[in-house]
>>> print(open('upload_30.txt').read())   # compact mmCIF, C-alpha atoms and all ligand atoms
# COMPACT_ATOMS: atom_id res chain seq x y z
CA MET A 2 -10.69 -15.84 -14.95
CA GLN A 3 -12.96 -14.08 -12.47
CA LEU A 4 -11.44 -10.97 -10.98
CA ILE A 5 -12.93 -8.77 -8.28
CA ALA A 6 -12.39 -5.04 -7.89
CA THR A 7 -13.23 -4.13 -4.29
CA THR A 8 -14.59 -0.68 -3.46
CA THR A 9 -15.83 1.29 -0.50
CA PHE A 10 -19.58 1.52 -0.11
CA GLY A 11 -21.21 3.81 -2.66
CA LEU A 12 -18.46 3.71 -5.30
CA GLU A 13 -19.43 0.47 -7.05
CA ALA A 14 -20.96 2.26 -10.08
CA VAL A 15 -17.84 4.41 -10.53
CA VAL A 16 -15.57 1.35 -10.45
CA SER A 17 -17.90 -0.53 -12.80
CA ARG A 18 -17.64 2.33 -15.29
CA GLU A 19 -13.86 2.46 -14.96
CA LEU A 20 -13.72 -1.27 -15.75
CA LYS A 21 -15.95 -0.81 -18.80
CA GLN A 22 -13.64 1.93 -20.03
CA LEU A 23 -10.80 -0.60 -19.77
CA GLY A 24 -12.85 -2.99 -21.93
CA TYR A 25 -14.15 -5.34 -19.22
CA GLU A 26 -17.86 -5.42 -19.99
CA LYS A 27 -18.85 -8.73 -18.38
CA GLN A 28 -19.48 -7.71 -14.79
CA THR A 29 -21.67 -8.23 -11.78
CA THR A 30 -21.91 -5.55 -9.11
CA GLU A 31 -22.63 -6.24 -5.45
CA ASP A 32 -22.13 -4.18 -2.29
CA GLY A 33 -18.45 -3.28 -2.11
CA LYS A 34 -17.30 -5.22 -5.16
CA VAL A 35 -17.47 -5.55 -8.92
CA THR A 36 -16.71 -9.04 -10.27
CA PHE A 37 -15.52 -9.12 -13.87
CA GLU A 38 -14.33 -11.67 -16.40
CA ALA A 39 -10.92 -11.17 -17.91
CA ASP A 40 -7.58 -12.79 -18.74
CA ALA A 41 -4.23 -12.50 -16.95
CA THR A 42 -3.38 -9.20 -18.68
CA ALA A 43 -6.28 -7.64 -16.74
CA ILE A 44 -4.40 -8.24 -13.49
CA ALA A 45 -1.76 -5.78 -14.69
CA ARG A 46 -4.13 -3.35 -16.46
CA ALA A 47 -6.72 -3.16 -13.67
CA ASN A 48 -4.05 -2.55 -11.03
CA LEU A 49 -2.34 0.13 -13.10
CA TRP A 50 -5.51 1.94 -14.17
CA LEU A 51 -8.29 1.64 -11.59
CA ARG A 52 -8.65 5.00 -9.84
CA SER A 53 -11.48 4.41 -7.37
CA ALA A 54 -11.15 0.71 -6.47
CA GLU A 55 -9.43 -0.49 -3.28
CA ARG A 56 -7.77 -3.60 -4.68
CA VAL A 57 -7.99 -6.32 -7.33
CA LEU A 58 -8.54 -9.94 -6.28
CA VAL A 59 -8.56 -13.21 -8.19
CA GLN A 60 -11.56 -15.35 -7.35
CA VAL A 61 -10.28 -18.93 -7.08
CA GLY A 62 -13.62 -20.45 -6.05
CA GLN A 63 -17.04 -19.89 -4.55
CA PHE A 64 -19.21 -22.50 -2.83
CA GLU A 65 -21.67 -23.22 0.00
CA ALA A 66 -19.97 -24.17 3.28
CA ARG A 67 -22.00 -24.87 6.42
CA ASP A 68 -19.45 -26.95 8.32
CA PHE A 69 -15.66 -27.24 8.53
CA GLY A 70 -15.65 -30.54 6.60
CA GLU A 71 -17.38 -28.91 3.66
CA LEU A 72 -15.04 -25.88 3.82
CA PHE A 73 -11.97 -28.17 3.87
CA ASP A 74 -13.08 -30.47 1.04
CA ARG A 75 -14.23 -27.76 -1.32
CA THR A 76 -11.16 -25.60 -0.71
CA ASN A 77 -8.94 -28.66 -1.24
CA ALA A 78 -10.68 -29.37 -4.57
CA LEU A 79 -9.68 -25.99 -6.06
CA PRO A 80 -6.64 -25.78 -8.43
CA TRP A 81 -4.33 -23.82 -6.07
CA GLU A 82 -1.21 -25.10 -7.83
CA GLU A 83 -2.21 -23.12 -10.94
CA TRP A 84 -1.61 -19.95 -8.91
CA LEU A 85 0.82 -20.83 -6.12
CA PRO A 86 4.39 -21.92 -6.95
CA GLU A 87 6.21 -24.29 -4.60
CA ASN A 88 7.83 -21.43 -2.66
CA ALA A 89 4.70 -19.27 -2.38
CA TYR A 90 4.19 -17.35 0.87
CA PHE A 91 0.44 -17.56 1.44
CA PRO A 92 -1.05 -16.04 4.56
CA VAL A 93 -4.81 -16.63 4.90
CA ARG A 94 -7.17 -13.93 6.14
CA GLY A 95 -10.85 -14.40 6.86
CA ARG A 96 -14.19 -12.80 7.52
CA SER A 97 -17.64 -14.11 8.16
CA VAL A 98 -21.00 -12.37 7.96
CA ARG A 99 -24.32 -14.04 8.83
CA SER A 100 -22.87 -17.55 8.41
CA GLN A 101 -22.86 -20.72 10.48
CA LEU A 102 -19.05 -20.81 10.28
CA HIS A 103 -18.55 -17.64 12.27
CA SER A 104 -15.13 -18.19 13.86
CA THR A 105 -12.77 -16.59 11.37
CA PRO A 106 -9.54 -17.90 12.99
CA ASP A 107 -10.89 -21.46 12.58
CA CYS A 108 -11.96 -20.83 8.98
CA GLN A 109 -8.51 -19.41 8.20
CA ALA A 110 -6.78 -22.45 9.75
CA ILE A 111 -9.01 -24.92 7.82
CA VAL A 112 -8.42 -23.13 4.53
CA LYS A 113 -4.67 -23.00 5.10
CA LYS A 114 -4.60 -26.73 5.89
CA ALA A 115 -6.73 -27.60 2.85
CA ILE A 116 -4.41 -25.66 0.53
CA VAL A 117 -1.26 -27.15 2.10
CA GLU A 118 -2.67 -30.68 1.64
CA ARG A 119 -3.48 -29.91 -2.00
CA LEU A 120 0.02 -28.53 -2.66
CA LYS A 121 1.67 -31.49 -0.88
CA GLN A 122 0.03 -33.82 -3.36
CA ARG A 123 0.69 -31.71 -6.45
CA TYR A 124 4.33 -30.84 -5.63
CA GLN A 125 5.13 -34.17 -3.91
CA LYS A 126 6.54 -32.35 -0.88
CA VAL A 127 5.77 -32.49 2.81
CA TRP A 128 7.12 -29.09 3.86
CA PHE A 129 6.90 -25.65 2.23
CA GLN A 130 9.36 -22.94 3.13
CA GLU A 131 7.09 -20.12 1.99
CA ASN A 132 10.02 -17.84 1.13
CA GLY A 133 8.81 -16.81 -2.34
CA PRO A 134 6.26 -14.29 -3.69
CA THR A 135 3.27 -13.31 -1.57
CA PHE A 136 -0.24 -14.63 -2.28
CA THR A 137 -2.57 -13.20 0.35
CA ILE A 138 -5.59 -15.49 0.43
CA GLU A 139 -8.94 -14.49 1.85
CA VAL A 140 -11.84 -16.72 2.84
CA SER A 141 -14.94 -14.58 2.96
CA LEU A 142 -18.20 -16.11 4.19
CA LEU A 143 -21.48 -14.38 3.50
CA LYS A 144 -24.73 -16.19 4.35
CA ASP A 145 -22.92 -19.58 4.29
CA ARG A 146 -21.37 -18.95 0.88
CA ALA A 147 -17.57 -18.98 0.86
CA THR A 148 -15.57 -16.94 -1.64
CA LEU A 149 -11.87 -17.71 -1.87
CA THR A 150 -9.67 -15.02 -3.35
CA ILE A 151 -6.01 -14.08 -3.79
CA ASP A 152 -4.99 -10.42 -3.55
CA THR A 153 -3.11 -9.24 -6.65
CA THR A 154 -2.52 -5.68 -5.41
CA GLY A 155 -0.46 -5.63 -2.18
CA PRO A 156 -0.65 -2.20 -0.53
CA GLY A 157 -4.10 -0.74 -1.39
CA LEU A 158 -4.63 1.02 -4.71
CA HIS A 159 -4.94 4.40 -2.95
CA LYS A 160 -1.20 4.18 -2.36
CA ARG A 161 -0.21 5.75 -5.66
CA GLY A 162 3.26 6.56 -4.34
CA TYR A 163 3.06 10.36 -4.56
CA ARG A 164 1.70 11.11 -1.08
CA LYS A 165 4.30 10.08 1.46
CA LEU A 166 3.73 13.03 3.82
CA VAL A 167 0.38 13.34 5.55
CA GLY A 168 -1.61 16.54 5.82
CA GLU A 169 -4.60 17.21 8.05
CA ALA A 170 -7.70 15.07 7.31
CA PRO A 171 -6.56 14.06 3.82
CA LEU A 172 -8.98 12.38 1.45
CA LYS A 173 -8.09 8.94 0.21
CA GLU A 174 -6.85 9.19 -3.37
CA THR A 175 -9.44 6.60 -4.48
CA LEU A 176 -12.29 8.68 -3.01
CA ALA A 177 -10.93 11.91 -4.53
CA ALA A 178 -10.80 10.22 -7.95
CA ALA A 179 -14.41 9.06 -7.47
CA LEU A 180 -15.63 12.55 -6.50
CA ILE A 181 -14.16 13.91 -9.72
CA GLN A 182 -15.66 11.11 -11.79
CA LEU A 183 -19.07 11.71 -10.23
CA SER A 184 -18.92 15.35 -11.33
CA TYR A 185 -19.44 16.96 -14.73
CA TRP A 186 -15.79 17.96 -14.87
CA ASN A 187 -13.69 17.08 -17.88
CA SER A 188 -10.27 18.33 -18.89
CA SER A 189 -11.72 21.17 -20.99
CA ARG A 190 -13.30 22.77 -17.92
CA MET A 191 -11.59 24.67 -15.14
CA LEU A 192 -11.44 22.91 -11.76
CA LEU A 193 -11.10 24.64 -8.41
CA ASP A 194 -10.65 23.05 -4.98
CA PRO A 195 -10.64 25.99 -2.54
CA PHE A 196 -9.94 23.70 0.47
CA CYS A 197 -7.28 21.58 -1.24
CA GLY A 198 -5.26 20.61 1.85
CA SER A 199 -2.50 18.27 0.68
CA GLY A 200 -3.74 18.54 -2.92
CA THR A 201 -5.47 15.19 -3.43
CA ILE A 202 -8.43 16.39 -5.54
CA PRO A 203 -6.39 18.62 -7.92
CA ILE A 204 -3.70 15.94 -8.31
CA GLU A 205 -6.20 13.16 -9.03
CA ALA A 206 -7.96 15.45 -11.53
CA ALA A 207 -4.68 16.13 -13.33
CA LEU A 208 -3.94 12.38 -13.50
CA LEU A 209 -7.42 11.74 -14.89
CA GLY A 210 -7.38 14.66 -17.31
CA ARG A 211 -3.99 13.70 -18.73
CA LYS A 212 -4.94 10.00 -18.90
CA LEU A 213 -2.05 9.11 -16.61
CA ALA A 214 -2.41 5.65 -15.06
CA PRO A 215 -2.46 6.18 -11.27
CA GLY A 216 -0.45 3.01 -10.59
CA LEU A 217 2.34 3.66 -13.08
CA HIS A 218 4.90 4.60 -10.43
CA ARG A 219 4.38 1.74 -7.97
CA THR A 220 4.63 -2.04 -7.86
CA PHE A 221 2.01 -4.71 -7.10
CA ALA A 222 2.11 -8.06 -5.24
CA SER A 223 1.27 -10.02 -8.41
CA GLU A 224 4.32 -8.69 -10.28
CA GLU A 225 6.25 -11.51 -8.61
CA TRP A 226 3.78 -14.23 -9.65
CA PRO A 227 4.87 -16.73 -12.31
CA ILE A 228 1.32 -16.80 -13.75
CA VAL A 229 1.55 -13.16 -14.86
CA PRO A 230 4.67 -13.03 -17.06
CA ARG A 231 6.93 -9.99 -16.88
CA GLU A 232 6.08 -9.09 -20.51
CA VAL A 233 2.43 -8.67 -19.53
CA TRP A 234 3.42 -5.99 -17.01
CA GLU A 235 5.83 -4.38 -19.46
CA GLN A 236 3.16 -4.22 -22.16
CA ALA A 237 0.59 -2.78 -19.76
CA ARG A 238 3.07 -0.11 -18.63
CA ASP A 239 4.00 0.68 -22.27
CA GLU A 240 0.31 1.02 -23.08
CA ALA A 241 -0.17 3.36 -20.12
CA ARG A 242 2.78 5.54 -21.15
CA SER A 243 1.62 5.69 -24.76
CA VAL A 244 -1.87 7.07 -24.06
CA ALA A 245 -0.80 9.83 -21.63
CA LEU A 246 -1.63 13.34 -22.84
CA PRO A 247 1.11 15.99 -22.64
CA LYS A 248 -1.05 18.70 -21.04
CA LEU A 249 -4.49 19.79 -19.94
CA ASP A 250 -6.80 22.16 -21.83
CA ALA A 251 -8.03 24.14 -18.81
CA PRO A 252 -6.49 25.16 -15.47
CA ILE A 253 -6.77 23.15 -12.27
CA VAL A 254 -6.37 25.31 -9.17
CA GLY A 255 -6.06 24.32 -5.54
CA SER A 256 -6.02 26.81 -2.69
CA ASP A 257 -6.02 26.64 1.09
CA SER A 258 -5.72 29.03 4.01
CA ASP A 259 -2.98 26.89 5.58
CA PRO A 260 0.47 27.64 4.10
CA ASN A 261 1.83 24.25 5.20
CA ALA A 262 -0.94 22.45 3.33
CA ILE A 263 0.01 24.34 0.16
CA LYS A 264 3.66 23.35 0.61
CA LEU A 265 2.58 19.72 0.92
CA ALA A 266 0.27 19.94 -2.08
CA LYS A 267 3.09 21.33 -4.26
CA HIS A 268 5.43 18.58 -3.08
CA HIS A 269 2.85 15.86 -3.83
CA ALA A 270 2.11 17.30 -7.27
CA LEU A 271 5.81 17.16 -8.06
CA GLU A 272 6.01 13.53 -6.88
CA ALA A 273 2.94 12.67 -8.99
CA GLY A 274 4.52 14.23 -12.09
CA VAL A 275 1.72 16.79 -12.55
CA ALA A 276 3.24 19.92 -10.98
CA ALA A 277 3.20 21.75 -14.32
CA ASP A 278 -0.54 21.08 -14.71
CA LEU A 279 -1.58 22.63 -11.39
CA ARG A 280 -1.65 25.97 -9.65
CA PHE A 281 -1.63 26.01 -5.86
CA GLU A 282 -2.30 29.21 -3.96
CA HIS A 283 -2.20 30.09 -0.28
CA ARG A 284 -5.38 32.04 0.51
CA ASP A 285 -8.71 32.02 2.23
CA PHE A 286 -11.34 30.91 -0.28
CA ALA A 287 -13.15 34.26 0.04
CA GLN A 288 -10.10 35.99 -1.48
CA ILE A 289 -10.38 34.05 -4.73
CA SER A 290 -11.11 36.67 -7.34
CA GLY A 291 -13.90 36.28 -9.88
CA PRO A 292 -11.97 37.23 -13.05
CA ASP A 293 -9.58 34.28 -12.51
CA LEU A 294 -12.49 31.89 -12.80
CA LEU A 295 -13.39 30.82 -16.30
CA PRO A 296 -17.10 30.16 -16.89
CA TYR A 297 -18.45 26.59 -16.79
CA GLY A 298 -15.87 25.47 -14.27
CA CYS A 299 -16.32 22.90 -11.51
CA LEU A 300 -15.69 23.48 -7.83
CA ILE A 301 -15.02 20.18 -6.08
CA ALA A 302 -14.26 20.39 -2.38
CA ASN A 303 -13.90 18.57 0.89
CA PRO A 304 -14.16 21.45 3.38
CA PRO A 305 -13.75 21.04 7.17
CA TYR A 306 -16.69 19.10 8.68
CA GLY A 307 -16.50 20.69 12.14
CA GLU A 308 -16.35 17.23 13.73
CA ARG A 309 -13.73 18.16 16.31
CA LEU A 310 -14.79 19.74 19.56
CA GLY A 311 -15.26 23.49 19.27
CA GLU A 312 -14.97 23.59 15.48
CA LEU A 313 -18.63 23.17 14.54
CA ASP A 314 -19.56 26.86 14.65
CA GLU A 315 -16.58 27.71 12.47
CA ALA A 316 -17.54 25.09 9.87
CA GLU A 317 -21.15 26.26 9.84
CA ALA A 318 -20.14 29.89 9.29
CA LEU A 319 -17.80 28.73 6.54
CA TYR A 320 -20.64 26.87 4.72
CA ALA A 321 -22.75 30.04 4.72
CA ARG A 322 -19.84 32.06 3.29
CA LEU A 323 -19.21 29.31 0.74
CA GLY A 324 -22.87 29.50 -0.37
CA ALA A 325 -22.56 33.23 -0.95
CA PHE A 326 -19.26 32.73 -2.82
CA CYS A 327 -20.72 30.03 -5.08
CA ASN A 328 -23.71 32.24 -5.90
CA ARG A 329 -21.32 34.65 -7.56
CA LEU A 330 -19.70 31.99 -9.77
CA ASN A 331 -20.78 32.31 -13.36
CA ALA A 332 -22.23 29.06 -14.71
CA TRP A 333 -20.21 26.78 -12.43
CA SER A 334 -21.11 23.34 -11.10
CA VAL A 335 -20.39 22.86 -7.40
CA TYR A 336 -19.70 19.59 -5.55
CA VAL A 337 -19.14 19.37 -1.81
CA LEU A 338 -18.43 16.37 0.41
CA THR A 339 -19.30 16.80 4.07
CA SER A 340 -20.71 14.88 7.02
CA HIS A 341 -22.72 17.90 8.24
CA LYS A 342 -26.41 16.99 7.99
CA GLU A 343 -27.54 20.62 7.67
CA PHE A 344 -25.16 21.55 4.88
CA GLU A 345 -27.80 22.58 2.32
CA ARG A 346 -29.59 24.86 4.79
CA LEU A 347 -26.33 26.56 5.78
CA PHE A 348 -25.12 26.78 2.17
CA GLY A 349 -28.48 28.31 1.23
CA GLN A 350 -29.42 26.05 -1.65
CA ALA A 351 -30.93 22.60 -2.20
CA SER A 352 -28.66 20.30 -4.20
CA ASP A 353 -29.69 18.70 -7.49
CA ARG A 354 -28.36 15.38 -6.36
CA ARG A 355 -27.07 13.78 -3.17
CA ARG A 356 -25.03 10.65 -2.73
CA LYS A 357 -24.13 8.86 0.48
CA LEU A 358 -20.41 8.09 0.68
CA PHE A 359 -17.93 7.15 3.37
CA ASN A 360 -14.80 9.16 4.03
CA GLY A 361 -13.01 6.48 6.05
CA ARG A 362 -15.52 5.67 8.77
CA ILE A 363 -17.31 9.01 8.54
CA GLU A 364 -20.68 8.87 6.81
CA CYS A 365 -20.84 11.80 4.41
CA THR A 366 -23.06 13.19 1.69
CA TYR A 367 -21.75 14.35 -1.66
CA TYR A 368 -23.91 17.38 -2.58
CA GLN A 369 -24.07 18.12 -6.28
CA PHE A 370 -25.21 21.50 -7.64
CA GLN A 371 -25.23 21.23 -11.41
CA GLY A 372 -24.57 24.36 -13.43
CA PRO A 373 -25.55 24.87 -17.07
CA ARG A 374 -23.87 22.98 -19.87
CA PRO A 375 -21.08 24.71 -21.76
CA PRO A 376 -22.16 25.87 -25.24
CA SER A 377 -20.07 23.38 -27.23
CA ALA A 378 -21.74 19.99 -27.30
CA THR A 379 -18.65 18.09 -28.37
CA GLN A 380 -17.08 17.71 -24.95
CA THR A 381 -16.26 14.39 -23.46
CA THR A 382 -17.76 13.54 -20.09
CA ASN A 383 -16.85 11.79 -16.93
CA SER A 384 -18.63 8.98 -15.18
CA GLU A 385 -22.14 10.32 -14.71
CA GLY A 386 -21.82 13.54 -16.56
CA SER A 387 -23.31 14.72 -19.81
CA ALA A 388 -21.56 18.05 -19.83
C1 LIG B 1 -10.71 18.37 5.17
S1 LIG B 1 -9.35 19.36 4.80
C2 LIG B 1 -9.10 19.06 3.07
C3 LIG B 1 -8.20 17.88 2.84
C4 LIG B 1 -7.85 17.67 1.39
N1 LIG B 1 -8.97 17.26 0.59
C5 LIG B 1 -6.72 16.65 1.27
O1 LIG B 1 -6.93 15.60 0.63
O2 LIG B 1 -5.64 16.85 1.85
C6 LIG B 1 -10.02 20.98 4.80
C7 LIG B 1 -9.03 22.08 4.46
O3 LIG B 1 -9.73 23.33 4.45
C8 LIG B 1 -8.79 24.35 4.82
N2 LIG B 1 -9.56 25.56 5.21
C9 LIG B 1 -10.28 25.75 6.34
N3 LIG B 1 -10.87 26.98 6.29
C10 LIG B 1 -10.50 27.55 5.12
C11 LIG B 1 -10.80 28.80 4.48
N4 LIG B 1 -11.57 29.72 5.08
N5 LIG B 1 -10.28 29.04 3.27
C12 LIG B 1 -9.46 28.15 2.66
N6 LIG B 1 -9.13 26.94 3.23
C13 LIG B 1 -9.65 26.65 4.43
C14 LIG B 1 -7.97 23.70 5.91
O4 LIG B 1 -6.71 24.34 6.05
C15 LIG B 1 -7.87 22.24 5.42
O5 LIG B 1 -6.66 22.04 4.72
>>> encode(input="upload_30.txt", output="C-alpha cells")
Amino acid sequence: MQLIATTTFGLEAVVSRELKQLGYEKQTTEDGKVTFEADATAIARANLWLRSAERVLVQVGQFEARDFGELFDRTNALPWEEWLPENAYFPVRGRSVRSQLHSTPDCQAIVKKAIVERLKQRYQKVWFQENGPTFTIEVSLLKDRATLTIDTTGPGLHKRGYRKLVGEAPLKETLAAALIQLSYWNSSRMLLDPFCGSGTIPIEAALLGRKLAPGLHRTFASEEWPIVPREVWEQARDEARSVALPKLDAPIVGSDSDPNAIKLAKHHALEAGVAADLRFEHRDFAQISGPDLLPYGCLIANPPYGERLGELDEAEALYARLGAFCNRLNAWSVYVLTSHKEFERLFGQASDRRRKLFNGRIECTYYQFQGPRPPSATQTTNSEGSA
C-alpha cells in the first residue's frame, strides 16, 4: 500500500531518513510529505517510531478531477470497503490549491456521497450508523489532481503523551526531534540546551539516544481498524520495547533561568520515562561552568526570539552574550533556532549552515556552527551528521 508521512515545511529530508531507517526505502518526497510503499505492519511501525512527521496517512487513490462528476465517479470507483467496515465513522475533510474545484465544502460533500453509495452497494445497506472506529478521510486537490487519504494517526504525532502541561513558547516535539537529527549529536556526545523551557529538546534527545519509540505510550486511530490486526500492533510494540537501550553514554543537560520551567521539564521527563537520563538545572546560561562541559558536545537551543513587544532588546543582548559563551566552549558544535534575521551578526559568527524552518507559523532559521570531529572515528551519526 501507499502510505504518506506528512511533515512541516523543511523537514521532509529528516522524515525520509527516518523512514529509511525503519526499512522503507521506496519513497517519493514532495513539499510537506513523503510517500512510501509498505504493508499494513508499517501503519503500526511508522506511527510508533516516526519522530519528526506530523501524521501517517493511507493513500486510497489519486486521480485528475476537474468537475464534480469526475470527482464523484473516480472516488466511487475506489475500494473503500477494503478499509471501512460497515460501522465506520468517516468524516471527510478537504482542501484545494490551484484547482478548478475550489469549494472544499462541496468537494467534501461529493466525496462523502460517493463513498456512501459505494458502501451501500458493497454492504447491501441503505443507512450507516457510523458508530464504529474513526476513519478521517481527506480529499486534497492540488492543480486539479485529487489525492484521497485516510488518517491512521488520530491526534498528531507530536502528542507523545508526556507533555500535558504547557510551558511558555514550547517547541513542538516533532520539531525538537528534527533539530536534534539535523545536528551532529549522537548519544556518545554531551548535549546541552541552556534555554530548555519545558524540556522538549533534552527529552527528545534522550528518547532518540536510548532508541525509545516516541509513540510507545499512546494510542492511534488505526488501532481500532479491522485491517490492522491487534497482533500487528502487539508485535510492533514488542519490537520497540526490545531495541530500547538501558542508558545513555554521555550526559544530557537542560537549564533555564525560570524555576517554573525547570519544574515542568522535570515533570515531563518523568512522564516520558527518561528522568534518569537527564539533568535539569535552574540557572542563567552565563552561570554554566566550563569544567562541567565535556569536549565535543553539542549545544542545541531555542532561545527567546524577542517577538513580543518590548522584548527585542533583551533577546539581542542575550544573543551577544551567547556568542561570547559559545566562544569559550572547547570543540563544541552549536545549533540555534531563531526567527531573528540578524542573529549571526549579534552572535558574532557566521554559521556553517542555515536551514529555513517553521516553528508553528513563525518563519525561523536553524543556524549550525559545526565544531571539530571527536578523535574516535567509530561513532554513529544522526541524520545529516558525519561526526
Ligand atoms: C522559547 S523558550 C524555550 C522553550 C523550550 N524549547 C520548550 O520546548 O519548552 C526560551 C526559554 O529561555 C529561557 N531564558 C530566557 N533568558 C534566559 C537566560 N538568560 N538564561 C537561561 N534561560 C533563559 C526562558 O525562561 C524560556 O524558558
>>> atom_distance(input="upload_30.txt", atom1="CA of Glu174 (chain A)", atom2="CA of Ala6 (chain A)")
15.9 Å
>>> residues_around(input="upload_30.txt", residues="region 74-88 of chain A", least_positions_apart="4", cutoff="6 Å", atoms="all atoms listed in the file", output="ChimeraX atom specification")
/A:115-116,119,131-133
>>> residues_near_ligand(input="upload_30.txt", ligand="ligand LIG 1 (chain B)", cutoff="8 Å", atoms="only C-alpha atoms and all ligand atoms", output="MDAnalysis selection string")
chainID A and resid 167:174 177 195:202 256:259 262 266 284:287 302:306 316 319
>>> closest_residue(input="upload_30.txt", among="A:Thr154, A:Gln371, A:Ser340, A:Gln236", to="Leu183 (chain A)", atoms="all atoms listed in the file")
A:Gln371
>>> atom_distance(input="upload_30.txt", atom1="CA of Phe91 (chain A)", atom2="CA of Arg161 (chain A)")
24.4 Å
>>> closest_residue(input="upload_30.txt", among="A:Val93, A:Leu49, A:Ala179, A:Ala332", to="Lys212 (chain A)", atoms="all atoms listed in the file")
A:Leu49
>>> build_atoms(input="upload_30.txt", residues="region 26-40 of chain A", atoms="N, CA, C and O atoms", output="mmCIF file, in the frame of the given file")
data_model
loop_
_atom_site.group_PDB
_atom_site.id
_atom_site.type_symbol
_atom_site.label_atom_id
_atom_site.label_comp_id
_atom_site.auth_asym_id
_atom_site.auth_seq_id
_atom_site.Cartn_x
_atom_site.Cartn_y
_atom_site.Cartn_z
ATOM 1 N N GLU A 26 -16.409 -5.661 -19.963
ATOM 2 C CA GLU A 26 -17.860 -5.420 -19.990
ATOM 3 C C GLU A 26 -18.624 -6.438 -19.166
ATOM 4 O O GLU A 26 -19.686 -6.140 -18.654
ATOM 5 N N LYS A 27 -18.106 -7.673 -19.093
ATOM 6 C CA LYS A 27 -18.850 -8.730 -18.380
ATOM 7 C C LYS A 27 -18.635 -8.577 -16.888
ATOM 8 O O LYS A 27 -17.578 -8.941 -16.357
ATOM 9 N N GLN A 28 -19.650 -8.053 -16.207
ATOM 10 C CA GLN A 28 -19.480 -7.710 -14.790
ATOM 11 C C GLN A 28 -20.719 -8.034 -13.988
ATOM 12 O O GLN A 28 -21.810 -8.024 -14.515
ATOM 13 N N THR A 29 -20.539 -8.269 -12.705
ATOM 14 C CA THR A 29 -21.670 -8.230 -11.780
ATOM 15 C C THR A 29 -21.265 -7.347 -10.601
ATOM 16 O O THR A 29 -20.132 -7.429 -10.112
ATOM 17 N N THR A 30 -22.208 -6.501 -10.188
ATOM 18 C CA THR A 30 -21.910 -5.550 -9.110
ATOM 19 C C THR A 30 -22.687 -5.936 -7.870
ATOM 20 O O THR A 30 -23.884 -6.195 -7.936
ATOM 21 N N GLU A 31 -21.990 -6.021 -6.760
ATOM 22 C CA GLU A 31 -22.630 -6.240 -5.450
ATOM 23 C C GLU A 31 -22.086 -5.170 -4.515
ATOM 24 O O GLU A 31 -21.189 -4.426 -4.894
ATOM 25 N N ASP A 32 -22.620 -5.159 -3.255
ATOM 26 C CA ASP A 32 -22.130 -4.180 -2.290
ATOM 27 C C ASP A 32 -20.625 -4.339 -2.111
ATOM 28 O O ASP A 32 -20.146 -5.411 -1.745
ATOM 29 N N GLY A 33 -19.888 -3.283 -2.388
ATOM 30 C CA GLY A 33 -18.450 -3.280 -2.110
ATOM 31 C C GLY A 33 -17.587 -4.021 -3.109
ATOM 32 O O GLY A 33 -16.375 -4.123 -2.899
ATOM 33 N N LYS A 34 -18.183 -4.553 -4.191
ATOM 34 C CA LYS A 34 -17.300 -5.220 -5.160
ATOM 35 C C LYS A 34 -17.925 -5.327 -6.551
ATOM 36 O O LYS A 34 -19.144 -5.414 -6.696
ATOM 37 N N VAL A 35 -17.043 -5.309 -7.544
ATOM 38 C CA VAL A 35 -17.470 -5.550 -8.920
ATOM 39 C C VAL A 35 -16.663 -6.755 -9.402
ATOM 40 O O VAL A 35 -15.432 -6.734 -9.414
ATOM 41 N N THR A 36 -17.380 -7.832 -9.765
ATOM 42 C CA THR A 36 -16.710 -9.040 -10.270
ATOM 43 C C THR A 36 -16.716 -8.948 -11.793
ATOM 44 O O THR A 36 -17.730 -8.591 -12.386
ATOM 45 N N PHE A 37 -15.564 -9.215 -12.399
ATOM 46 C CA PHE A 37 -15.520 -9.120 -13.870
ATOM 47 C C PHE A 37 -14.694 -10.256 -14.450
ATOM 48 O O PHE A 37 -13.834 -10.829 -13.798
ATOM 49 N N GLU A 38 -15.028 -10.584 -15.711
ATOM 50 C CA GLU A 38 -14.330 -11.670 -16.400
ATOM 51 C C GLU A 38 -13.219 -11.101 -17.242
ATOM 52 O O GLU A 38 -13.437 -10.121 -17.959
ATOM 53 N N ALA A 39 -12.051 -11.714 -17.154
ATOM 54 C CA ALA A 39 -10.920 -11.170 -17.910
ATOM 55 C C ALA A 39 -9.819 -12.223 -17.992
ATOM 56 O O ALA A 39 -9.941 -13.302 -17.403
ATOM 57 N N ASP A 40 -8.727 -11.881 -18.711
ATOM 58 C CA ASP A 40 -7.580 -12.790 -18.740
ATOM 59 C C ASP A 40 -6.458 -12.211 -17.866
ATOM 60 O O ASP A 40 -6.634 -11.169 -17.240
#
